[in-house]
$ cat start_14.csv   # CSV, C-alpha atoms
chain,number,residue,atom,x,y,z
A,1,MET,CA,-7.5,4.7,-32.9
A,2,LEU,CA,-4.4,4.4,-30.8
A,3,ASP,CA,-5.8,7.0,-28.4
A,4,ILE,CA,-8.8,4.8,-27.9
A,5,LEU,CA,-6.9,1.7,-27.2
A,6,LYS,CA,-4.7,3.6,-24.7
A,7,GLY,CA,-7.5,4.8,-22.6
A,8,ARG,CA,-10.0,7.6,-23.2
A,9,SER,CA,-11.3,8.5,-26.6
A,10,ALA,CA,-9.9,11.5,-28.4
A,11,ASN,CA,-12.5,13.7,-26.6
A,12,GLY,CA,-11.9,12.1,-23.2
A,13,SER,CA,-15.2,10.0,-23.0
A,14,ASN,CA,-15.8,6.3,-23.2
A,15,GLY,CA,-18.5,6.2,-25.8
A,16,GLU,CA,-17.5,8.8,-28.5
A,17,LYS,CA,-18.4,8.2,-32.1
A,18,VAL,CA,-15.2,7.1,-33.8
A,19,GLY,CA,-14.9,5.9,-37.4
A,20,LEU,CA,-17.6,3.4,-38.2
A,21,GLY,CA,-19.4,3.7,-34.9
A,22,SER,CA,-19.0,3.9,-31.2
A,23,ILE,CA,-16.4,2.1,-29.2
A,24,ARG,CA,-16.4,1.4,-25.5
A,25,ARG,CA,-13.2,1.2,-23.5
A,26,PRO,CA,-13.1,-1.8,-21.1
A,27,VAL,CA,-13.5,-0.9,-17.5
A,28,ILE,CA,-10.1,-0.9,-16.0
A,29,GLY,CA,-9.5,-1.8,-12.3
A,30,LEU,CA,-6.4,-1.2,-10.3
A,31,ALA,CA,-5.6,-3.3,-7.2
A,32,LEU,CA,-2.9,-1.8,-5.0
A,33,GLY,CA,-1.3,-4.1,-2.5
A,34,GLY,CA,0.1,-3.5,1.0
A,35,GLY,CA,3.7,-3.0,2.0
A,36,ALA,CA,4.2,0.1,4.2
A,37,ALA,CA,6.9,2.4,2.8
A,38,ARG,CA,7.2,0.3,-0.3
A,39,GLY,CA,3.8,1.7,-1.2
A,40,PHE,CA,5.5,4.8,-2.6
A,41,ALA,CA,6.2,2.6,-5.6
A,42,HIS,CA,2.4,2.7,-6.3
A,43,ILE,CA,2.9,6.4,-7.2
A,44,GLY,CA,5.3,5.6,-9.9
A,45,ILE,CA,3.0,2.9,-11.2
A,46,LEU,CA,0.0,5.3,-11.4
A,47,ARG,CA,2.1,8.0,-13.0
A,48,THR,CA,3.2,5.7,-15.7
A,49,LEU,CA,-0.2,4.3,-16.4
A,50,LEU,CA,-1.8,7.7,-16.6
A,51,SER,CA,0.9,9.1,-18.8
A,52,ASN,CA,0.2,6.3,-21.3
A,53,GLY,CA,-3.6,6.9,-21.3
A,54,ILE,CA,-4.4,4.0,-19.0
A,55,VAL,CA,-6.9,5.5,-16.7
A,56,PRO,CA,-8.4,3.3,-14.0
A,57,ASP,CA,-12.2,3.4,-13.5
A,58,VAL,CA,-12.0,1.2,-10.3
A,59,VAL,CA,-9.4,1.6,-7.6
A,60,VAL,CA,-9.1,-0.8,-4.7
A,61,GLY,CA,-6.3,-0.7,-2.1
A,62,THR,CA,-5.1,-2.6,0.9
A,63,SER,CA,-3.0,-0.9,3.6
A,64,ILE,CA,-0.6,1.6,2.0
A,65,GLY,CA,-2.3,0.7,-1.3
A,66,ALA,CA,-5.5,2.2,0.2
A,67,VAL,CA,-3.7,5.4,1.0
A,68,VAL,CA,-2.1,5.9,-2.4
A,69,GLY,CA,-5.4,4.8,-4.1
A,70,GLY,CA,-7.4,7.2,-2.0
A,71,ALA,CA,-5.0,10.0,-2.8
A,72,TYR,CA,-5.4,9.4,-6.5
A,73,ALA,CA,-9.2,9.0,-6.3
A,74,THR,CA,-9.5,12.3,-4.4
A,75,GLY,CA,-7.2,14.2,-6.7
A,76,GLN,CA,-4.5,14.5,-4.0
A,77,LEU,CA,-1.8,12.3,-5.6
A,78,ASP,CA,0.5,15.3,-6.2
A,79,THR,CA,0.1,16.4,-2.5
A,80,PHE,CA,0.8,12.9,-1.3
A,81,GLU,CA,3.9,12.5,-3.5
A,82,GLU,CA,5.2,15.9,-2.4
A,83,TRP,CA,4.8,14.9,1.3
A,84,GLY,CA,6.5,11.6,0.6
A,85,ARG,CA,9.5,13.2,-1.0
A,86,SER,CA,9.8,15.6,2.0
A,87,LEU,CA,10.5,12.8,4.4
A,88,GLN,CA,14.3,13.1,4.1
A,89,GLY,CA,15.3,11.5,7.4
A,90,MET,CA,14.2,9.4,10.4
A,91,ARG,CA,13.6,12.6,12.3
A,92,ASN,CA,10.8,13.5,9.9
A,93,ILE,CA,9.3,10.0,10.2
A,94,LEU,CA,9.4,10.0,14.0
A,95,GLY,CA,7.5,13.2,14.1
A,96,TYR,CA,4.4,11.3,12.8
A,97,LEU,CA,4.7,8.5,15.4
A,98,ASP,CA,2.6,9.3,18.4
A,99,ILE,CA,3.9,6.5,20.6
A,100,ARG,CA,1.6,5.4,23.4
A,101,LEU,CA,2.4,3.2,26.4
A,102,ASN,CA,-1.1,1.9,26.8
A,103,GLY,CA,-4.0,1.0,24.5
A,104,SER,CA,-4.3,-1.5,21.7
A,105,GLY,CA,-1.4,-0.3,19.6
A,106,LEU,CA,2.1,1.2,20.0
A,107,ILE,CA,1.1,4.1,17.7
A,108,GLY,CA,-2.1,6.0,18.1
A,109,GLY,CA,-2.1,7.2,14.5
A,110,GLU,CA,-3.7,10.5,15.2
A,111,LYS,CA,-0.8,12.5,13.7
A,112,LEU,CA,-0.9,10.6,10.4
A,113,ALA,CA,-4.7,10.9,10.3
A,114,THR,CA,-4.5,14.6,10.8
A,115,ARG,CA,-2.1,14.9,7.9
A,116,LEU,CA,-4.4,12.9,5.7
A,117,GLU,CA,-7.4,15.0,6.8
A,118,GLU,CA,-5.6,18.2,5.9
A,119,ALA,CA,-5.3,17.0,2.3
A,120,ILE,CA,-8.6,15.1,1.9
A,121,GLY,CA,-10.9,16.6,4.4
A,122,GLN,CA,-14.4,15.2,4.8
A,123,THR,CA,-14.6,13.7,1.3
A,124,LEU,CA,-16.9,10.7,1.1
A,125,ILE,CA,-16.2,7.6,-1.0
A,126,GLU,CA,-19.6,7.7,-2.6
A,127,ASP,CA,-18.8,11.2,-3.9
A,128,LEU,CA,-15.6,10.3,-5.7
A,129,PRO,CA,-15.4,10.4,-9.5
A,130,VAL,CA,-14.1,6.8,-9.7
A,131,LYS,CA,-15.2,3.6,-7.9
A,132,PHE,CA,-13.0,3.3,-4.8
A,133,ALA,CA,-12.8,0.8,-1.9
A,134,THR,CA,-10.3,-0.2,0.8
A,135,VAL,CA,-10.0,-3.6,2.4
A,136,ALA,CA,-9.8,-4.0,6.2
A,137,THR,CA,-10.1,-7.0,8.6
A,138,GLU,CA,-12.6,-7.2,11.5
A,139,VAL,CA,-10.7,-7.9,14.7
A,140,ARG,CA,-13.0,-10.4,16.4
A,141,THR,CA,-14.3,-12.4,13.4
A,142,GLY,CA,-11.6,-12.1,10.8
A,143,HIS,CA,-14.2,-11.0,8.3
A,144,GLU,CA,-12.8,-9.3,5.1
A,145,ILE,CA,-14.5,-5.9,5.1
A,146,TRP,CA,-14.8,-3.8,1.9
A,147,LEU,CA,-15.2,-0.1,2.8
A,148,THR,CA,-17.2,1.4,0.0
A,149,ARG,CA,-19.1,4.2,1.9
A,150,GLY,CA,-18.2,6.9,4.4
A,151,ARG,CA,-15.2,9.1,4.8
A,152,VAL,CA,-12.2,8.3,2.7
A,153,VAL,CA,-9.8,9.1,5.5
A,154,ASP,CA,-11.5,6.6,7.9
A,155,ALA,CA,-11.4,3.9,5.2
A,156,MET,CA,-7.7,4.5,4.7
A,157,ARG,CA,-6.9,4.4,8.4
A,158,ALA,CA,-8.8,1.1,8.9
A,159,SER,CA,-7.0,-0.5,6.0
A,160,TYR,CA,-3.4,0.4,7.2
A,161,ALA,CA,-4.0,-0.3,11.0
A,162,LEU,CA,-1.2,-2.8,11.3
A,163,PRO,CA,-2.1,-5.0,14.4
A,164,GLY,CA,0.0,-4.2,17.4
A,165,ILE,CA,1.5,-1.1,15.7
A,166,PHE,CA,-1.5,1.0,15.0
A,167,SER,CA,-4.7,1.0,17.1
A,168,PRO,CA,-7.8,-0.6,15.5
A,169,VAL,CA,-10.3,1.8,13.9
A,170,LEU,CA,-14.0,1.7,14.8
A,171,ILE,CA,-16.2,2.1,11.8
A,172,GLY,CA,-19.9,1.5,12.4
A,173,ASP,CA,-19.9,-1.2,15.0
A,174,ARG,CA,-16.8,-3.0,13.8
A,175,TRP,CA,-13.2,-2.7,15.0
A,176,LEU,CA,-11.0,-2.9,12.0
A,177,VAL,CA,-7.3,-3.5,11.3
A,178,ASP,CA,-5.0,-3.9,8.3
A,179,GLY,CA,-6.7,-5.6,5.3
A,180,ALA,CA,-3.4,-7.4,4.4
A,181,LEU,CA,-4.4,-10.0,7.0
A,182,VAL,CA,-7.0,-11.3,4.6
A,183,ASN,CA,-6.5,-9.8,1.1
A,184,PRO,CA,-3.1,-8.2,0.6
A,185,VAL,CA,-3.6,-7.5,-3.2
A,186,PRO,CA,-7.4,-7.0,-3.6
A,187,VAL,CA,-8.0,-8.3,-7.1
A,188,SER,CA,-11.3,-9.9,-6.1
A,189,ALA,CA,-12.7,-6.6,-4.8
A,190,ALA,CA,-11.7,-4.8,-8.0
A,191,ARG,CA,-13.6,-7.4,-10.1
A,192,ALA,CA,-16.6,-7.2,-7.8
A,193,LEU,CA,-16.8,-3.5,-8.4
A,194,GLY,CA,-17.1,-4.0,-12.2
A,195,ALA,CA,-13.5,-4.1,-13.5
A,196,GLU,CA,-13.2,-6.0,-16.8
A,197,ILE,CA,-9.4,-5.7,-16.8
A,198,VAL,CA,-7.7,-5.9,-13.4
A,199,ILE,CA,-4.1,-4.5,-13.1
A,200,ALA,CA,-2.6,-5.5,-9.8
A,201,ALA,CA,0.5,-4.2,-8.0
A,202,ASN,CA,2.2,-6.6,-5.6
A,203,LEU,CA,5.0,-5.1,-3.4
A,204,SER,CA,6.2,-8.4,-1.9
A,205,SER,CA,7.0,-10.5,-4.9
A,206,ASP,CA,10.8,-10.5,-4.5
A,207,ILE,CA,11.1,-10.5,-0.7
A,208,PHE,CA,11.0,-14.3,-0.1
A,209,THR,CA,12.2,-15.6,-3.4
A,210,HIS,CA,15.0,-17.5,-1.8
A,211,SER,CA,13.1,-18.8,1.2
A,212,THR,CA,13.7,-22.4,2.1
A,213,THR,CA,13.6,-24.9,5.0
A,214,ILE,CA,16.5,-25.1,7.4
A,215,TYR,CA,16.6,-28.8,8.2
A,216,SER,CA,19.2,-28.8,11.0
A,217,HIS,CA,20.1,-26.0,13.3
A,218,GLY,CA,21.7,-25.9,16.7
A,219,ALA,CA,22.5,-23.6,19.5
A,220,MET,CA,25.0,-20.8,19.1
A,221,PRO,CA,27.9,-20.2,21.6
A,222,THR,CA,26.7,-18.5,24.8
A,223,PRO,CA,26.8,-14.7,24.3
A,224,VAL,CA,28.8,-12.5,26.6
A,225,ALA,CA,26.6,-10.7,29.1
A,226,PRO,CA,26.3,-7.0,28.2
A,227,VAL,CA,28.0,-4.5,30.6
A,228,ALA,CA,25.8,-2.2,32.7
A,229,GLU,CA,26.7,0.9,30.7
A,230,GLU,CA,23.1,1.7,29.8
A,231,ALA,CA,22.0,1.6,33.4
A,232,THR,CA,24.8,4.0,34.4
A,233,ALA,CA,23.9,6.3,31.6
A,234,LYS,CA,20.3,6.4,32.7
A,235,ARG,CA,21.4,7.5,36.2
A,236,ARG,CA,23.6,10.3,34.8
A,237,PHE,CA,21.4,11.5,32.0
A,238,PRO,CA,17.8,10.7,33.0
A,239,ARG,CA,16.3,13.1,30.5
A,240,LEU,CA,17.8,11.2,27.6
A,241,PHE,CA,15.9,8.1,28.7
A,242,SER,CA,12.4,9.3,28.9
A,243,PRO,CA,9.6,6.7,28.5
A,244,GLU,CA,8.8,7.9,25.0
A,245,LYS,CA,12.5,7.8,23.8
A,246,THR,CA,13.0,4.4,25.5
A,247,MET,CA,9.9,3.1,23.7
A,248,LYS,CA,11.2,4.4,20.3
A,249,ARG,CA,14.5,2.6,20.9
A,250,GLU,CA,12.6,-0.5,21.7
A,251,PHE,CA,10.4,0.0,18.7
A,252,PHE,CA,13.2,0.3,16.2
A,253,GLY,CA,15.8,-1.9,18.0
A,254,GLY,CA,19.6,-1.5,17.7
A,255,GLY,CA,23.0,-3.1,18.1
A,256,GLY,CA,22.0,-6.1,16.0
A,257,ARG,CA,18.9,-6.8,18.2
A,258,PRO,CA,15.6,-6.5,16.4
A,259,GLY,CA,13.1,-4.1,17.8
A,260,ILE,CA,9.4,-4.6,18.4
A,261,SER,CA,8.6,-3.1,15.0
A,262,SER,CA,11.0,-5.3,13.0
A,263,VAL,CA,9.8,-8.5,14.7
A,264,MET,CA,6.2,-7.7,14.1
A,265,VAL,CA,6.7,-6.5,10.6
A,266,ASP,CA,8.9,-9.4,9.6
A,267,ALA,CA,6.3,-11.8,10.9
A,268,PHE,CA,3.6,-9.8,9.1
A,269,ASN,CA,5.7,-9.9,5.9
A,270,ILE,CA,6.0,-13.6,6.0
A,271,MET,CA,2.3,-14.1,6.5
A,272,GLN,CA,1.4,-11.5,3.9
A,273,ASP,CA,3.7,-13.2,1.3
A,274,ARG,CA,2.0,-16.6,1.9
A,275,ILE,CA,-1.5,-15.2,1.7
A,276,THR,CA,-0.7,-13.1,-1.4
A,277,ARG,CA,0.6,-16.2,-3.2
A,278,ALA,CA,-2.5,-18.2,-2.3
A,279,ARG,CA,-5.0,-15.4,-3.2
A,280,LEU,CA,-3.3,-14.5,-6.5
A,281,ALA,CA,-3.2,-18.2,-7.5
A,282,GLY,CA,-6.9,-18.6,-6.9
A,283,ASP,CA,-7.9,-15.3,-8.5
A,284,PRO,CA,-5.1,-14.0,-10.7
A,285,PRO,CA,-5.2,-10.5,-12.1
A,286,ASP,CA,-5.2,-9.9,-15.9
A,287,MET,CA,-1.8,-8.0,-15.4
A,288,LEU,CA,0.5,-8.2,-12.4
A,289,ILE,CA,3.0,-5.4,-11.8
A,290,THR,CA,5.8,-6.4,-9.5
A,291,PRO,CA,8.2,-3.6,-8.5
A,292,ARG,CA,11.6,-4.9,-7.2
A,293,VAL,CA,11.4,-3.3,-3.8
A,294,GLY,CA,12.4,-6.2,-1.6
A,295,GLN,CA,15.5,-4.4,-0.5
A,296,PHE,CA,13.5,-1.6,1.0
A,297,GLY,CA,12.3,-1.8,4.6
A,298,TRP,CA,8.8,-1.2,5.8
A,299,PHE,CA,9.8,2.0,7.5
A,300,ASP,CA,12.1,3.4,4.7
A,301,PHE,CA,9.6,6.2,4.1
A,302,HIS,CA,12.6,8.6,3.6
A,303,ARG,CA,13.4,6.7,0.4
A,304,ALA,CA,10.3,7.7,-1.5
A,305,GLU,CA,12.1,9.0,-4.6
A,306,ASP,CA,13.8,5.6,-5.2
A,307,LEU,CA,10.6,3.7,-4.5
A,308,ILE,CA,8.6,5.9,-7.0
A,309,ALA,CA,11.3,5.2,-9.6
A,310,HIS,CA,11.1,1.5,-9.0
A,311,GLY,CA,7.3,1.6,-9.5
A,312,ALA,CA,7.6,3.5,-12.7
A,313,ARG,CA,10.1,1.1,-14.2
A,314,ALA,CA,7.9,-1.9,-13.2
A,315,ALA,CA,4.9,-0.3,-14.9
A,316,GLU,CA,6.9,0.5,-18.0
A,317,ARG,CA,7.8,-3.2,-18.3
A,318,ALA,CA,4.2,-4.2,-18.3
A,319,LEU,CA,2.8,-1.5,-20.6
A,320,ASP,CA,2.9,-3.6,-23.8
A,321,SER,CA,1.0,-6.4,-22.2
A,322,ILE,CA,-1.6,-4.0,-20.6
A,323,GLN,CA,-2.2,-2.3,-24.0
A,324,GLU,CA,-2.6,-5.7,-25.6
A,325,ALA,CA,-5.2,-6.8,-23.0
A,326,ILE,CA,-7.1,-3.6,-23.5
A,327,HIS,CA,-7.1,-4.1,-27.3
A,328,VAL,CA,-8.3,-7.7,-27.0
A,329,LEU,CA,-11.2,-6.8,-24.7
A,330,ALA,CA,-12.2,-3.6,-26.6
A,331,PRO,CA,-15.3,-4.4,-28.6
A,332,PRO,CA,-15.2,-3.5,-32.3
A,333,PRO,CA,-16.9,-0.3,-33.5
A,334,GLU,CA,-20.6,-0.7,-34.4
A,335,GLY,CA,-21.1,-1.6,-38.0
A,336,ALA,CA,-17.5,-2.9,-38.4
A,337,ALA,CA,-17.1,-6.1,-40.3
A,338,PRO,CA,-16.1,-9.1,-38.1
A,339,LYS,CA,-12.4,-9.9,-38.3
A,340,ALA,CA,-11.7,-12.9,-40.5
A,341,ALA,CA,-10.1,-15.9,-38.8
A,342,GLU,CA,-6.5,-16.2,-39.6
$ encode --input "start_14.csv" --output "structure tokens"
Amino acid sequence: MLDILKGRSANGSNGEKVGLGSIRRPVIGLALGGGAARGFAHIGILRTLLSNGIVPDVVVGTSIGAVVGGAYATGQLDTFEEWGRSLQGMRNILGYLDIRLNGSGLIGGEKLATRLEEAIGQTLIEDLPVKFATVATEVRTGHEIWLTRGRVVDAMRASYALPGIFSPVLIGDRWLVDGALVNPVPVSAARALGAEIVIAANLSSDIFTHSTTIYSHGAMPTPVAPVAEEATAKRRFPRLFSPEKTMKREFFGGGGRPGISSVMVDAFNIMQDRITRARLAGDPPDMLITPRVGQFGWFDFHRAEDLIAHGARAAERALDSIQEAIHVLAPPPEGAAPKAAE
């Protein structure tokens, strides 16, 4: 009986004859939230759920959640995890950033898309063995778009196209960007696709726990003007200051000065946190898994191992509650006597 409550029946199906009759496992949905590199924690969450027999029937993801969810749905979770663990330094990460000085995003995204296509190919969402969807945002209207048909890779790209960083993705006649603008943890989409129990993973729960209002703030002392060392270095070593390398320095910042990426990501973080709180308050999941990953940056892709471990620990903390929810919603076997009121 425990095998049934944990997930599949003893023979792996949802409607096997067991004991007095047949029992149906509740439809389990998994809503994976956005968070860039922090999304590697989703791998640990999935691994823990699966190892305990909790197999999602519906998977919906936003941003990096769409990537991890798509990797699982297409049977490429091992490949994605192996790739993540191989990113051991910033040099590996920079290799995937095709910086562009024009267009509608600082990163074209073609290198990342090529890597995804190598693993997933032309697989269509409608051909997957589980219900899968990603959430994106239409640029001009702000519409929340649920991508439930077409190529999995295209749905992933649209969902993680962070405005200003990645170029928008054209699907059909709509230009789409990151779904975290409208639905950072897509509980509502998982329910709409038939999930009876929704397990959600929120990667931003511990980022702004100490945020407050600064009621009084004044000007700091006038900073000392920087010396013209960089200009001199540019004249002496022009090859070290190519437009692409200059853009990467501006992108990541340095010397205590935030770069373009950190300013945009921090702003996006604040917005996502506020939207997530509002959406989860209005449509809470049945179970919320909250990995403690606030100390990781959005571009800490080289810390995949630690992030996966954080996700696994968070899922382990929630296992008892998830199993209890499955037990409560699992209908009794046919022919079983109703349980007497206590």
$ closest_residue --input "start_14.csv" --among "A:Ala200, A:Ile326, A:Ala318, A:Ala180" --to "Ile275 of chain A" --atoms "all atoms listed in the file"
A:Ala180
$ residues_around --input "start_14.csv" --residues "segment 152-167 of chain A" --least-positions-apart "2" --cutoff "9 Å" --atoms "all atoms listed in the file" --output "PyMOL selection string"
chain A and resi 34+36+61-67+70+74+103-109+112-113+116-117+120-125+133-137+147-150+169-171+175-181+261+264-265+268
$ residues_around --input "start_14.csv" --residues "Arg38 of chain A" --least-positions-apart "4" --cutoff "8 Å" --atoms "only C-alpha atoms" --output "NGL selection string"
:A and (203 or 293 or 296-298 or 300-301 or 307)
$ atom_distance --input "start_14.csv" --atom1 "atom CA of Ile289 of chain A" --atom2 "atom CA of Val68 of chain A"
15.6 Å
$ atom_distance --input "start_14.csv" --atom1 "atom CA of Glu81 of chain A" --atom2 "atom CA of Glu305 of chain A"
9.0 Å
$ residues_around --input "start_14.csv" --residues "segment 44-53 of chain A" --least-positions-apart "6" --cutoff "12 Å" --atoms "all atoms listed in the file" --output "PyMOL selection string"
chain A and resi 2-10+12+25+28-33+38+59+65+68-69+71-73+77-78+81+199-203+288-291+304-320+322-323+326
$ closest_residue --input "start_14.csv" --among "A:Val139, A:Ala119, A:Val55, A:Ala281" --to "Pro26 of chain A" --atoms "all atoms listed in the file"
A:Val55
$ atom_distance --input "start_14.csv" --atom1 "atom CA of Gln76 of chain A" --atom2 "atom CA of Pro184 of chain A"
23.2 Å
$ closest_residue --input "start_14.csv" --among "A:Arg191, A:Arg274, A:Arg85, A:His217" --to "Phe40 of chain A" --atoms "all atoms listed in the file"
A:Arg85
$ closest_residue --input "start_14.csv" --among "A:Ala37, A:Val27, A:Leu87, A:Leu280" --to "Val187 of chain A" --atoms "all atoms listed in the file"
A:Leu280
$ closest_residue --input "start_14.csv" --among "A:Ala195, A:Val60, A:Arg115, A:Gly39" --to "Asp286 of chain A" --atoms "all atoms listed in the file"
A:Ala195
$ closest_residue --input "start_14.csv" --among "A:Met287, A:Phe299, A:Arg151, A:Gln88" --to "Ala325 of chain A" --atoms "all atoms listed in the file"
A:Met287
$ decode --input "start_14.csv" --residues "segment 122-147 of chain A" --atoms "N, CA and C atoms" --output "CSV table (one decimal), in the first residue's frame"
chain,number,residue,atom,x,y,z
A,122,GLN,N,14.4,18.2,-32.1
A,122,GLN,CA,13.1,18.7,-32.6
A,122,GLN,C,11.9,18.2,-31.8
A,123,THR,N,12.1,17.7,-30.6
A,123,THR,CA,11.0,17.2,-29.9
A,123,THR,C,9.8,18.2,-29.7
A,124,LEU,N,8.6,17.7,-29.9
A,124,LEU,CA,7.4,18.6,-29.7
A,124,LEU,C,6.8,18.4,-28.4
A,125,ILE,N,6.2,19.4,-27.8
A,125,ILE,CA,5.6,19.3,-26.5
A,125,ILE,C,4.4,18.3,-26.5
A,126,GLU,N,3.7,18.3,-27.6
A,126,GLU,CA,2.5,17.4,-27.7
A,126,GLU,C,2.9,16.0,-27.8
A,127,ASP,N,4.2,15.7,-28.0
A,127,ASP,CA,4.6,14.3,-28.1
A,127,ASP,C,5.2,13.8,-26.8
A,128,LEU,N,5.3,14.6,-25.8
A,128,LEU,CA,5.9,14.2,-24.5
A,128,LEU,C,5.1,13.3,-23.7
A,129,PRO,N,5.7,12.4,-22.9
A,129,PRO,CA,4.9,11.5,-22.1
A,129,PRO,C,4.2,12.1,-20.9
A,130,VAL,N,4.5,13.3,-20.5
A,130,VAL,CA,3.8,14.1,-19.5
A,130,VAL,C,3.3,15.4,-20.0
A,131,LYS,N,2.3,15.9,-19.4
A,131,LYS,CA,1.8,17.2,-19.7
A,131,LYS,C,2.9,18.3,-19.4
A,132,PHE,N,3.2,19.1,-20.3
A,132,PHE,CA,4.3,20.1,-20.1
A,132,PHE,C,3.9,21.4,-20.7
A,133,ALA,N,4.3,22.5,-20.0
A,133,ALA,CA,4.1,23.8,-20.5
A,133,ALA,C,5.1,24.8,-20.0
A,134,THR,N,5.4,25.8,-20.7
A,134,THR,CA,6.2,26.9,-20.2
A,134,THR,C,5.4,28.2,-20.2
A,135,VAL,N,5.9,29.1,-19.4
A,135,VAL,CA,5.2,30.4,-19.3
A,135,VAL,C,6.1,31.5,-19.8
A,136,ALA,N,5.5,32.3,-20.7
A,136,ALA,CA,6.3,33.4,-21.3
A,136,ALA,C,5.4,34.7,-21.2
A,137,THR,N,6.0,35.8,-21.6
A,137,THR,CA,5.2,37.1,-21.6
A,137,THR,C,5.3,37.7,-22.9
A,138,GLU,N,4.2,38.2,-23.5
A,138,GLU,CA,4.2,38.9,-24.8
A,138,GLU,C,4.7,40.3,-24.6
A,139,VAL,N,5.6,40.7,-25.4
A,139,VAL,CA,6.2,42.0,-25.2
A,139,VAL,C,5.3,43.2,-25.3
A,140,ARG,N,4.5,43.3,-26.3
A,140,ARG,CA,3.7,44.5,-26.5
A,140,ARG,C,2.4,44.6,-25.7
A,141,THR,N,1.9,43.4,-25.3
A,141,THR,CA,0.6,43.4,-24.6
A,141,THR,C,0.7,43.1,-23.1
A,142,GLY,N,1.8,42.4,-22.7
A,142,GLY,CA,1.9,41.9,-21.4
A,142,GLY,C,1.1,40.7,-21.1
A,143,HIS,N,0.6,40.0,-22.1
A,143,HIS,CA,-0.2,38.8,-22.0
A,143,HIS,C,0.6,37.7,-21.4
A,144,GLU,N,0.1,36.9,-20.5
A,144,GLU,CA,0.7,35.7,-20.0
A,144,GLU,C,0.4,34.6,-21.0
A,145,ILE,N,1.5,34.0,-21.6
A,145,ILE,CA,1.4,33.0,-22.7
A,145,ILE,C,1.8,31.7,-22.1
A,146,TRP,N,0.9,30.7,-22.3
A,146,TRP,CA,1.2,29.3,-21.9
A,146,TRP,C,1.6,28.6,-23.2
A,147,LEU,N,2.8,28.1,-23.3
A,147,LEU,CA,3.3,27.4,-24.5
A,147,LEU,C,3.0,25.9,-24.3
